[in-house]
Amino acid sequence: MLNRFVFIVLLLAANTANAALNVLACEPEWAALTQELTGDLARVTSATTARQDPHHIEARPSLIARARNADLLVCTGAELEIGWLPLLQREAGNARIQPGQAGYFAAADQVHLLEKSGNADRAQGDVHPGGNPHLQADPRNLLKVANALAPRLAELDPANTAHYAARNQDFQKRMSAAIARWEKEAAPLRGVAVVVHHRSWSYLADWLSLKVVADLEPKPGIEPSVASLASLLERLRAQPARLILRTAYQSPKPSEWLAERAVIAAVELPYTVGGSARATDLFGLFDDTLAKLKGGLK
Amino acid sequence: MFKPTLLAAALACALPLPALAVSDADLAAELAKVRAEFDQKLKDLQASYEARLKEMETRVAPPAEAAPTPSASRGNDFNPELSLILQGSYAQRKAGERRPTGFLRDAAIGAPTRGFSLGDSELILAANVDPYFRGQATVILADGQANVEEAWFQTLSLDRGLTLKGGRFLSGTGYANEQHPHAWDFADNSLMYQTLFGEHLAQDGLQLKWLAPSDTFVELGLEAGRGAAFPGSSNGGDKNGAGSWALFGHIGDDFGDSNAWRAGLSWLSARPRDRESRILDQFGFDTRNQFSGRSKTWIADFIWKWAPDGNPKARNFKFQSEIFQRDEEGKLIYDTAATGANTPGAYRARQSGWYAQGVYQFLPRWRAGLRYDRLNSGSLDYGANNAALLPAAYSPSKWSLMADWSPSEFSRLRLQLARDRAMQGNPDDQQITLQYIHSLGSHGAHKF
């Protein structure tokens, strides 16, 4: 009885503090992760969808309006959003979400980035000298990001510190178990040669020991042309691959073109939450990713 | 294991044919067995090598768990973002100017160049000054001079949706005004902006913007400026207080995932004194004239952008239209040259105009666009100078068709064809422009 009473009081307390935080995530994966940690203590929206290329977003009026009201921006960082996020921060008239403030959280600051070249020559294409920003494709990174995000949420909303810590603990437990399961399921994928469309899959390849043998883009951010695809086809004759990977926001044309001629499977992976019918949350995202990768091998 | 097989093979060879037939099946089985064993051994060896290699790799590679280490400071980490725009063109057109008939325009606007020419080279420096301010300077480099197009600070920490900008900045009036020439969708400015501001209106002053705390984008802005730039004038700006005021409001939102729009209304006032405009008078002389009085301009703008699923990379469409009305009242001195008539007269004009343009990106690197410009000379009265200056009723107009190709988001090549009917009795129906725009360095994001 007492337990029940405490529960109701807690529920009421939670209700008064309901949607204490207004969180704008730059990409759906960070919206999903924030939601995991906050439960219904925050209003979480994503600035982009899985069908939008996070490199190329317009700083639309609606996004500026949402940034105006946000307590916290949860973004990838590492220059992924360089074409639009700085504008949102500048135009929103919101001091809390400026770089360096507690209200701006960059996931890339929490993990070890791959492909850090430091070489910033645009002759190499649209490179990210600070490292590859597509880090959510490795679920082990999600654990690290969550471990940094939970204290940040607590910093902004100290009254609910215990809530965020408990939810993070629960998330760590579930995600770790899921990762162990996925790694076991992914055993047949070890060493499988793949072709990628953009460097969106470096972290996935690193995690599952996929071997990236080629990129559809001749240079990062430069769209493949028929000529570049034809030379890639030649290369694949000498060094065959088994899968071509792309995201839901990339045009299927180049990968389908190559898949047909090289007689290998082109696979559209969800890439982020909402990228496929099954990728409704972070767990579904990797369930579906693995299922599609293994499906492509058959 | 190997030996008996070899022996068997040797025996098989040595034995006469009938015997071979007998041992054939046994031999095949033995061969398969050996092959399997060999394969297994090879696999084990490979696995052991791979394991050792992996172990060595992990020892060499930085541990994955290590926290990201901040890169060593090189002393120039605080340098501003530096960006340089290179532009140039080749144009084929009739000689001379095609000033819109019936409109007062900034006398500083020269005739457009023909043949090969270098466009504006814009040098842009920007950085956060500290946690409270951001600063930016845009300098136009030209032969023998450098013009400060913009040099402003902007607050980052006012909060409550407020942003204060000060210095020289592009006015928030209208839509296209805040775009630099390299961001234009056409090789030249619309007739409307040419007439109203030349290239664009840069204010020396202060701008305060407030963004409403709603999910719909609602923005209000107020500007107080020196008023030295057209439609103001340098003499008009020489005063205490503000020589020019601007008010604007913007509203915008999404319509589903694929559509976004913004609409705006702006009002601008200035009090020019001795503002110079050149007019081709009724006797065929290109005269200099000075206007003093008040100038008020209304601008309404509308922008709609479409992209499938809101992903503009492959395909997108942009529609943009603005309409203005300008009221000017005061006095105008006709032909102010030393040997000129220098006749003062009243001046009163209520004029309007608009443009509409659509740009469609139909393939990842390719865009095509069409623009129509139109001005209405409206009610125009030069008072005592009507006989010398008042043109017959005419509506300047222009069609522009462009196609551009962007090898990457940092470079663009453009071809534009135009039919220019801005000046009465002096049309140019075949204007061809080839243009390049290259952007070097850490170029900032463009506004919606």
# chains A, B, ... in the order shown; residues from 1 in each chain; ligands from 1

call {"tool": "interface_residues", "arguments": {"of": "chain B", "to": "chain A", "cutoff": "9 Å", "atoms": "only C-alpha atoms", "output": "ChimeraX atom specification"}}
result
/B:64-69,131-132,134,154-163,209-218,251-254,257,260-262,309-314,364-365,407-410,440-441,443-448

call {"tool": "residues_around", "arguments": {"residues": "region 159-162 of chain A", "least_positions_apart": "5", "cutoff": "10 Å", "atoms": "only C-alpha atoms", "output": "list in words"}}
result
Ala14, Ala17, Ala20, Thr38, Leu41, Ala150, Pro151, Arg152, Leu153, Ala154, Arg167 and Asn168 of chain A

call {"tool": "residues_around", "arguments": {"residues": "Val139 (chain B)", "least_positions_apart": "6", "cutoff": "8 Å", "atoms": "only C-alpha atoms", "output": "ChimeraX atom specification"}}
result
/B:122-124,146-150

call {"tool": "select_by_dssp", "arguments": {"residues": "region 122-279 of chain B", "states": "strand (DSSP E)", "output": "PyMOL selection string"}}
result
chain B and resi 122-128+133-142+145-155+162-170+202-211+217-225+244-255+259-270+275-279

call {"tool": "write_last_selection", "arguments": {"atoms": "C-alpha atoms", "output": "mmCIF file, in the first residue's frame"}}
result
data_model
loop_
_atom_site.group_PDB
_atom_site.id
_atom_site.type_symbol
_atom_site.label_atom_id
_atom_site.label_comp_id
_atom_site.auth_asym_id
_atom_site.auth_seq_id
_atom_site.Cartn_x
_atom_site.Cartn_y
_atom_site.Cartn_z
ATOM 1 C CA GLU B 122 35.154 38.323 -51.425
ATOM 2 C CA LEU B 123 37.393 37.752 -48.445
ATOM 3 C CA ILE B 124 35.407 36.657 -45.412
ATOM 4 C CA LEU B 125 36.765 36.405 -41.883
ATOM 5 C CA ALA B 126 34.497 35.236 -39.083
ATOM 6 C CA ALA B 127 34.863 33.939 -35.556
ATOM 7 C CA ASN B 128 33.302 33.924 -32.145
ATOM 8 C CA PHE B 133 29.874 37.955 -29.367
ATOM 9 C CA ARG B 134 30.540 36.809 -32.879
ATOM 10 C CA GLY B 135 32.248 38.950 -35.463
ATOM 11 C CA GLN B 136 32.505 38.888 -39.223
ATOM 12 C CA ALA B 137 34.118 41.011 -41.883
ATOM 13 C CA THR B 138 33.571 40.737 -45.621
ATOM 14 C CA VAL B 139 36.020 42.638 -47.754
ATOM 15 C CA ILE B 140 35.638 43.006 -51.496
ATOM 16 C CA LEU B 141 38.997 43.078 -53.158
ATOM 17 C CA ALA B 142 39.183 45.086 -56.352
ATOM 18 C CA GLN B 145 41.056 49.143 -53.445
ATOM 19 C CA ALA B 146 39.414 47.042 -50.796
ATOM 20 C CA ASN B 147 35.815 47.790 -49.883
ATOM 21 C CA VAL B 148 34.424 46.851 -46.528
ATOM 22 C CA GLU B 149 31.134 45.305 -47.502
ATOM 23 C CA GLU B 150 30.358 44.039 -44.032
ATOM 24 C CA ALA B 151 32.026 44.336 -40.651
ATOM 25 C CA TRP B 152 29.785 43.504 -37.746
ATOM 26 C CA PHE B 153 29.437 41.953 -34.346
ATOM 27 C CA GLN B 154 26.470 39.896 -33.246
ATOM 28 C CA THR B 155 25.473 38.899 -29.741
ATOM 29 C CA LEU B 162 17.031 38.407 -28.940
ATOM 30 C CA THR B 163 20.017 39.084 -31.179
ATOM 31 C CA LEU B 164 21.727 42.425 -31.542
ATOM 32 C CA LYS B 165 23.952 43.154 -34.496
ATOM 33 C CA GLY B 166 26.074 46.236 -34.909
ATOM 34 C CA GLY B 167 28.509 47.676 -37.383
ATOM 35 C CA ARG B 168 28.039 47.435 -41.119
ATOM 36 C CA PHE B 169 25.756 44.587 -42.056
ATOM 37 C CA LEU B 170 23.414 43.569 -44.842
ATOM 38 C CA ALA B 202 24.232 47.584 -46.238
ATOM 39 C CA GLN B 203 23.393 49.482 -43.066
ATOM 40 C CA ASP B 204 25.897 51.174 -40.800
ATOM 41 C CA GLY B 205 24.076 50.925 -37.521
ATOM 42 C CA LEU B 206 22.283 48.540 -35.241
ATOM 43 C CA GLN B 207 19.873 45.695 -35.805
ATOM 44 C CA LEU B 208 17.774 44.098 -33.108
ATOM 45 C CA LYS B 209 15.944 40.865 -33.899
ATOM 46 C CA TRP B 210 13.515 38.952 -31.755
ATOM 47 C CA LEU B 211 12.464 35.394 -32.378
ATOM 48 C CA PHE B 217 9.134 30.705 -36.954
ATOM 49 C CA VAL B 218 8.125 34.291 -36.201
ATOM 50 C CA GLU B 219 10.842 36.906 -36.281
ATOM 51 C CA LEU B 220 10.674 40.665 -35.869
ATOM 52 C CA GLY B 221 13.497 43.057 -36.587
ATOM 53 C CA LEU B 222 14.306 46.718 -36.184
ATOM 54 C CA GLU B 223 17.236 48.545 -37.735
ATOM 55 C CA ALA B 224 18.548 52.028 -37.174
ATOM 56 C CA GLY B 225 21.190 53.036 -39.662
ATOM 57 C CA SER B 244 17.436 55.357 -42.000
ATOM 58 C CA TRP B 245 15.003 53.055 -40.232
ATOM 59 C CA ALA B 246 13.916 49.573 -41.176
ATOM 60 C CA LEU B 247 11.308 47.260 -39.736
ATOM 61 C CA PHE B 248 10.714 43.715 -40.830
ATOM 62 C CA GLY B 249 8.844 40.603 -39.857
ATOM 63 C CA HIS B 250 9.280 37.041 -41.076
ATOM 64 C CA ILE B 251 7.135 34.007 -40.616
ATOM 65 C CA GLY B 252 7.969 30.518 -41.784
ATOM 66 C CA ASP B 253 7.395 26.835 -41.247
ATOM 67 C CA ASP B 254 7.482 23.405 -42.809
ATOM 68 C CA PHE B 255 4.666 21.820 -44.709
ATOM 69 C CA ASN B 259 8.175 21.642 -48.089
ATOM 70 C CA ALA B 260 9.466 24.681 -46.259
ATOM 71 C CA TRP B 261 8.445 28.298 -46.695
ATOM 72 C CA ARG B 262 9.093 31.749 -45.412
ATOM 73 C CA ALA B 263 7.146 34.958 -45.947
ATOM 74 C CA GLY B 264 8.156 38.434 -44.933
ATOM 75 C CA LEU B 265 7.141 42.069 -44.911
ATOM 76 C CA SER B 266 9.644 44.923 -44.630
ATOM 77 C CA TRP B 267 9.493 48.684 -44.403
ATOM 78 C CA LEU B 268 12.421 50.978 -44.983
ATOM 79 C CA SER B 269 12.656 54.722 -44.674
ATOM 80 C CA ALA B 270 15.476 57.104 -45.497
ATOM 81 C CA ARG B 275 21.276 61.946 -53.725
ATOM 82 C CA GLU B 276 22.673 61.530 -57.195
ATOM 83 C CA SER B 277 20.946 59.622 -59.997
ATOM 84 C CA ARG B 278 21.624 59.598 -63.689
ATOM 85 C CA ILE B 279 18.718 60.025 -66.092
#

call {"tool": "atom_distance", "arguments": {"atom1": "CA of Asp44 (chain B)", "atom2": "CA of Ser202 (chain A)"}}
result
29.0 Å

call {"tool": "atom_distance", "arguments": {"atom1": "CA of Gly172 (chain B)", "atom2": "CA of Arg326 (chain B)"}}
result
17.1 Å

call {"tool": "residues_around", "arguments": {"residues": "Gly39 (chain A)", "least_positions_apart": "4", "cutoff": "10 Å", "atoms": "only C-alpha atoms", "output": "list in words"}}
result
Ala19, Leu33, Thr34, Gln35, Arg43, Val44, His163, Tyr164 and Arg167 of chain A

call {"tool": "select_by_dssp", "arguments": {"residues": "region 142-368 of chain B", "states": "alpha helix (DSSP H)", "output": "PyMOL selection string"}}
result
chain B and resi 191-197+234-237

call {"tool": "write_last_selection", "arguments": {"atoms": "N, CA and C atoms", "output": "PDB file, in the first residue's frame"}}
result
ATOM      1  N   LEU B 191      16.217  43.126 -61.332  1.00  0.00           N
ATOM      2  CA  LEU B 191      16.004  44.551 -61.627  1.00  0.00           C
ATOM      3  C   LEU B 191      15.513  45.283 -60.389  1.00  0.00           C
ATOM      4  N   MET B 192      14.678  44.606 -59.604  1.00  0.00           N
ATOM      5  CA  MET B 192      14.115  45.221 -58.409  1.00  0.00           C
ATOM      6  C   MET B 192      15.221  45.637 -57.442  1.00  0.00           C
ATOM      7  N   TYR B 193      16.154  44.712 -57.155  1.00  0.00           N
ATOM      8  CA  TYR B 193      17.224  45.042 -56.211  1.00  0.00           C
ATOM      9  C   TYR B 193      18.216  46.027 -56.797  1.00  0.00           C
ATOM     10  N   GLN B 194      18.479  45.908 -58.125  1.00  0.00           N
ATOM     11  CA  GLN B 194      19.357  46.892 -58.769  1.00  0.00           C
ATOM     12  C   GLN B 194      18.795  48.286 -58.575  1.00  0.00           C
ATOM     13  N   THR B 195      17.487  48.401 -58.765  1.00  0.00           N
ATOM     14  CA  THR B 195      16.854  49.706 -58.691  1.00  0.00           C
ATOM     15  C   THR B 195      16.794  50.216 -57.256  1.00  0.00           C
ATOM     16  N   LEU B 196      16.433  49.329 -56.335  1.00  0.00           N
ATOM     17  CA  LEU B 196      16.251  49.771 -54.956  1.00  0.00           C
ATOM     18  C   LEU B 196      17.572  50.063 -54.256  1.00  0.00           C
ATOM     19  N   PHE B 197      18.539  49.154 -54.419  1.00  0.00           N
ATOM     20  CA  PHE B 197      19.751  49.247 -53.587  1.00  0.00           C
ATOM     21  C   PHE B 197      21.067  49.157 -54.356  1.00  0.00           C
ATOM     22  N   SER B 234      24.951  60.102 -48.809  1.00  0.00           N
ATOM     23  CA  SER B 234      25.977  60.413 -47.816  1.00  0.00           C
ATOM     24  C   SER B 234      25.657  61.720 -47.098  1.00  0.00           C
ATOM     25  N   ASN B 235      25.110  62.709 -47.819  1.00  0.00           N
ATOM     26  CA  ASN B 235      24.731  63.956 -47.147  1.00  0.00           C
ATOM     27  C   ASN B 235      23.559  63.736 -46.197  1.00  0.00           C
ATOM     28  N   GLY B 236      22.649  62.844 -46.604  1.00  0.00           N
ATOM     29  CA  GLY B 236      21.493  62.546 -45.753  1.00  0.00           C
ATOM     30  C   GLY B 236      21.926  61.862 -44.470  1.00  0.00           C
ATOM     31  N   GLY B 237      23.039  61.093 -44.545  1.00  0.00           N
ATOM     32  CA  GLY B 237      23.513  60.388 -43.364  1.00  0.00           C
ATOM     33  C   GLY B 237      24.272  61.288 -42.414  1.00  0.00           C
TER      34      GLY B 237
END

call {"tool": "atom_distance", "arguments": {"atom1": "CA of Lys173 (chain A)", "atom2": "CA of Ala25 (chain A)"}}
result
23.3 Å

call {"tool": "closest_atom_pairs", "arguments": {"of": "region 234-262 of chain A", "to": "region 195-199 of chain A", "cutoff": "6 Å", "atoms": "only C-alpha atoms", "output": "CSV"}}
result
residue,atom,partner,partner_atom,distance
A:Ile244,CA,A:Val195,CA,4.6
A:Leu245,CA,A:Val196,CA,4.9
A:Arg246,CA,A:His197,CA,5.2

call {"tool": "decode", "arguments": {"residues": "region 208-253 of chain A", "atoms": "N, CA and C atoms", "output": "PDB file, in the first residue's frame"}}
result
ATOM      1  N   LEU A 208      32.091  -4.883 -36.993  1.00  0.00           N
ATOM      2  CA  LEU A 208      31.785  -6.249 -37.429  1.00  0.00           C
ATOM      3  C   LEU A 208      32.912  -6.875 -38.246  1.00  0.00           C
ATOM      4  N   SER A 209      34.047  -6.184 -38.337  1.00  0.00           N
ATOM      5  CA  SER A 209      35.190  -6.657 -39.131  1.00  0.00           C
ATOM      6  C   SER A 209      34.802  -6.908 -40.588  1.00  0.00           C
ATOM      7  N   LEU A 210      33.977  -6.025 -41.118  1.00  0.00           N
ATOM      8  CA  LEU A 210      33.716  -6.065 -42.560  1.00  0.00           C
ATOM      9  C   LEU A 210      34.934  -5.459 -43.243  1.00  0.00           C
ATOM     10  N   LYS A 211      35.191  -5.910 -44.457  1.00  0.00           N
ATOM     11  CA  LYS A 211      36.349  -5.375 -45.164  1.00  0.00           C
ATOM     12  C   LYS A 211      35.861  -4.414 -46.251  1.00  0.00           C
ATOM     13  N   VAL A 212      36.086  -3.122 -46.052  1.00  0.00           N
ATOM     14  CA  VAL A 212      35.663  -2.136 -47.046  1.00  0.00           C
ATOM     15  C   VAL A 212      36.696  -2.114 -48.163  1.00  0.00           C
ATOM     16  N   VAL A 213      36.294  -2.581 -49.356  1.00  0.00           N
ATOM     17  CA  VAL A 213      37.260  -2.644 -50.453  1.00  0.00           C
ATOM     18  C   VAL A 213      37.132  -1.462 -51.411  1.00  0.00           C
ATOM     19  N   ALA A 214      35.980  -0.765 -51.380  1.00  0.00           N
ATOM     20  CA  ALA A 214      35.827   0.365 -52.296  1.00  0.00           C
ATOM     21  C   ALA A 214      34.706   1.273 -51.836  1.00  0.00           C
ATOM     22  N   ASP A 215      34.730   2.515 -52.341  1.00  0.00           N
ATOM     23  CA  ASP A 215      33.695   3.499 -52.050  1.00  0.00           C
ATOM     24  C   ASP A 215      33.080   3.920 -53.389  1.00  0.00           C
ATOM     25  N   LEU A 216      31.746   3.990 -53.443  1.00  0.00           N
ATOM     26  CA  LEU A 216      31.091   4.420 -54.689  1.00  0.00           C
ATOM     27  C   LEU A 216      31.486   5.848 -55.034  1.00  0.00           C
ATOM     28  N   GLU A 217      31.679   6.673 -53.999  1.00  0.00           N
ATOM     29  CA  GLU A 217      32.077   8.054 -54.258  1.00  0.00           C
ATOM     30  C   GLU A 217      33.561   8.082 -54.621  1.00  0.00           C
ATOM     31  N   PRO A 218      33.893   8.700 -55.753  1.00  0.00           N
ATOM     32  CA  PRO A 218      35.309   8.767 -56.127  1.00  0.00           C
ATOM     33  C   PRO A 218      36.123   9.518 -55.077  1.00  0.00           C
ATOM     34  N   LYS A 219      35.507  10.543 -54.476  1.00  0.00           N
ATOM     35  CA  LYS A 219      36.095  11.279 -53.359  1.00  0.00           C
ATOM     36  C   LYS A 219      34.952  11.553 -52.399  1.00  0.00           C
ATOM     37  N   PRO A 220      35.225  11.638 -51.093  1.00  0.00           N
ATOM     38  CA  PRO A 220      34.120  11.843 -50.165  1.00  0.00           C
ATOM     39  C   PRO A 220      33.263  13.051 -50.550  1.00  0.00           C
ATOM     40  N   GLY A 221      31.950  12.854 -50.578  1.00  0.00           N
ATOM     41  CA  GLY A 221      31.038  13.954 -50.870  1.00  0.00           C
ATOM     42  C   GLY A 221      30.875  14.241 -52.352  1.00  0.00           C
ATOM     43  N   ILE A 222      31.652  13.581 -53.206  1.00  0.00           N
ATOM     44  CA  ILE A 222      31.516  13.767 -54.654  1.00  0.00           C
ATOM     45  C   ILE A 222      30.670  12.602 -55.166  1.00  0.00           C
ATOM     46  N   GLU A 223      29.557  12.947 -55.806  1.00  0.00           N
ATOM     47  CA  GLU A 223      28.644  11.912 -56.273  1.00  0.00           C
ATOM     48  C   GLU A 223      29.310  11.028 -57.331  1.00  0.00           C
ATOM     49  N   PRO A 224      29.048   9.718 -57.283  1.00  0.00           N
ATOM     50  CA  PRO A 224      29.634   8.847 -58.302  1.00  0.00           C
ATOM     51  C   PRO A 224      29.098   9.191 -59.694  1.00  0.00           C
ATOM     52  N   SER A 225      29.959   9.102 -60.686  1.00  0.00           N
ATOM     53  CA  SER A 225      29.538   9.313 -62.066  1.00  0.00           C
ATOM     54  C   SER A 225      29.590   7.963 -62.767  1.00  0.00           C
ATOM     55  N   VAL A 226      29.043   7.906 -63.963  1.00  0.00           N
ATOM     56  CA  VAL A 226      29.061   6.642 -64.704  1.00  0.00           C
ATOM     57  C   VAL A 226      30.495   6.194 -64.925  1.00  0.00           C
ATOM     58  N   ALA A 227      31.386   7.167 -65.233  1.00  0.00           N
ATOM     59  CA  ALA A 227      32.787   6.820 -65.481  1.00  0.00           C
ATOM     60  C   ALA A 227      33.436   6.240 -64.226  1.00  0.00           C
ATOM     61  N   SER A 228      33.171   6.886 -63.079  1.00  0.00           N
ATOM     62  CA  SER A 228      33.816   6.395 -61.857  1.00  0.00           C
ATOM     63  C   SER A 228      33.262   5.027 -61.477  1.00  0.00           C
ATOM     64  N   LEU A 229      31.967   4.814 -61.761  1.00  0.00           N
ATOM     65  CA  LEU A 229      31.383   3.505 -61.454  1.00  0.00           C
ATOM     66  C   LEU A 229      31.951   2.418 -62.365  1.00  0.00           C
ATOM     67  N   ALA A 230      32.180   2.793 -63.623  1.00  0.00           N
ATOM     68  CA  ALA A 230      32.711   1.809 -64.575  1.00  0.00           C
ATOM     69  C   ALA A 230      34.114   1.367 -64.161  1.00  0.00           C
ATOM     70  N   SER A 231      34.927   2.321 -63.712  1.00  0.00           N
ATOM     71  CA  SER A 231      36.284   1.938 -63.300  1.00  0.00           C
ATOM     72  C   SER A 231      36.221   1.118 -62.011  1.00  0.00           C
ATOM     73  N   LEU A 232      35.218   1.434 -61.178  1.00  0.00           N
ATOM     74  CA  LEU A 232      35.042   0.660 -59.950  1.00  0.00           C
ATOM     75  C   LEU A 232      34.651  -0.785 -60.285  1.00  0.00           C
ATOM     76  N   LEU A 233      33.820  -0.919 -61.307  1.00  0.00           N
ATOM     77  CA  LEU A 233      33.397  -2.251 -61.747  1.00  0.00           C
ATOM     78  C   LEU A 233      34.614  -3.071 -62.171  1.00  0.00           C
ATOM     79  N   GLU A 234      35.542  -2.427 -62.885  1.00  0.00           N
ATOM     80  CA  GLU A 234      36.782  -3.091 -63.290  1.00  0.00           C
ATOM     81  C   GLU A 234      37.564  -3.572 -62.071  1.00  0.00           C
ATOM     82  N   ARG A 235      37.635  -2.669 -61.086  1.00  0.00           N
ATOM     83  CA  ARG A 235      38.399  -3.022 -59.885  1.00  0.00           C
ATOM     84  C   ARG A 235      37.768  -4.197 -59.155  1.00  0.00           C
ATOM     85  N   LEU A 236      36.428  -4.234 -59.179  1.00  0.00           N
ATOM     86  CA  LEU A 236      35.741  -5.310 -58.456  1.00  0.00           C
ATOM     87  C   LEU A 236      35.968  -6.655 -59.131  1.00  0.00           C
ATOM     88  N   ARG A 237      36.285  -6.644 -60.438  1.00  0.00           N
ATOM     89  CA  ARG A 237      36.581  -7.899 -61.128  1.00  0.00           C
ATOM     90  C   ARG A 237      37.837  -8.516 -60.521  1.00  0.00           C
ATOM     91  N   ALA A 238      38.819  -7.642 -60.219  1.00  0.00           N
ATOM     92  CA  ALA A 238      40.067  -8.131 -59.641  1.00  0.00           C
ATOM     93  C   ALA A 238      39.923  -8.407 -58.146  1.00  0.00           C
ATOM     94  N   GLN A 239      39.127  -7.576 -57.496  1.00  0.00           N
ATOM     95  CA  GLN A 239      38.994  -7.679 -56.045  1.00  0.00           C
ATOM     96  C   GLN A 239      37.511  -7.718 -55.703  1.00  0.00           C
ATOM     97  N   PRO A 240      36.904  -8.890 -55.803  1.00  0.00           N
ATOM     98  CA  PRO A 240      35.450  -8.954 -55.681  1.00  0.00           C
ATOM     99  C   PRO A 240      34.963  -8.601 -54.274  1.00  0.00           C
ATOM    100  N   ALA A 241      33.740  -8.054 -54.234  1.00  0.00           N
ATOM    101  CA  ALA A 241      33.081  -7.773 -52.959  1.00  0.00           C
ATOM    102  C   ALA A 241      31.754  -8.509 -52.964  1.00  0.00           C
ATOM    103  N   ARG A 242      31.129  -8.608 -51.795  1.00  0.00           N
ATOM    104  CA  ARG A 242      29.882  -9.356 -51.753  1.00  0.00           C
ATOM    105  C   ARG A 242      28.663  -8.487 -51.521  1.00  0.00           C
ATOM    106  N   LEU A 243      28.869  -7.288 -50.961  1.00  0.00           N
ATOM    107  CA  LEU A 243      27.732  -6.425 -50.674  1.00  0.00           C
ATOM    108  C   LEU A 243      28.070  -4.980 -51.037  1.00  0.00           C
ATOM    109  N   ILE A 244      27.020  -4.217 -51.416  1.00  0.00           N
ATOM    110  CA  ILE A 244      27.174  -2.771 -51.572  1.00  0.00           C
ATOM    111  C   ILE A 244      26.235  -2.129 -50.546  1.00  0.00           C
ATOM    112  N   LEU A 245      26.775  -1.292 -49.686  1.00  0.00           N
ATOM    113  CA  LEU A 245      25.980  -0.729 -48.599  1.00  0.00           C
ATOM    114  C   LEU A 245      25.658   0.735 -48.857  1.00  0.00           C
ATOM    115  N   ARG A 246      24.401   1.089 -48.607  1.00  0.00           N
ATOM    116  CA  ARG A 246      24.010   2.502 -48.691  1.00  0.00           C
ATOM    117  C   ARG A 246      23.010   2.817 -47.591  1.00  0.00           C
ATOM    118  N   THR A 247      22.786   4.119 -47.379  1.00  0.00           N
ATOM    119  CA  THR A 247      21.823   4.544 -46.365  1.00  0.00           C
ATOM    120  C   THR A 247      20.477   4.790 -47.035  1.00  0.00           C
ATOM    121  N   ALA A 248      19.471   5.048 -46.187  1.00  0.00           N
ATOM    122  CA  ALA A 248      18.133   5.308 -46.724  1.00  0.00           C
ATOM    123  C   ALA A 248      18.074   6.655 -47.435  1.00  0.00           C
ATOM    124  N   TYR A 249      19.014   7.577 -47.125  1.00  0.00           N
ATOM    125  CA  TYR A 249      18.932   8.900 -47.742  1.00  0.00           C
ATOM    126  C   TYR A 249      19.748   9.010 -49.021  1.00  0.00           C
ATOM    127  N   GLN A 250      20.517   7.982 -49.329  1.00  0.00           N
ATOM    128  CA  GLN A 250      21.310   8.056 -50.547  1.00  0.00           C
ATOM    129  C   GLN A 250      20.532   7.494 -51.732  1.00  0.00           C
ATOM    130  N   SER A 251      20.836   8.032 -52.893  1.00  0.00           N
ATOM    131  CA  SER A 251      20.155   7.564 -54.093  1.00  0.00           C
ATOM    132  C   SER A 251      20.507   6.093 -54.331  1.00  0.00           C
ATOM    133  N   PRO A 252      19.491   5.261 -54.619  1.00  0.00           N
ATOM    134  CA  PRO A 252      19.789   3.850 -54.860  1.00  0.00           C
ATOM    135  C   PRO A 252      20.449   3.607 -56.213  1.00  0.00           C
ATOM    136  N   LYS A 253      20.429   4.609 -57.098  1.00  0.00           N
ATOM    137  CA  LYS A 253      20.863   4.377 -58.484  1.00  0.00           C
ATOM    138  C   LYS A 253      22.296   3.858 -58.607  1.00  0.00           C
TER     139      LYS A 253
END
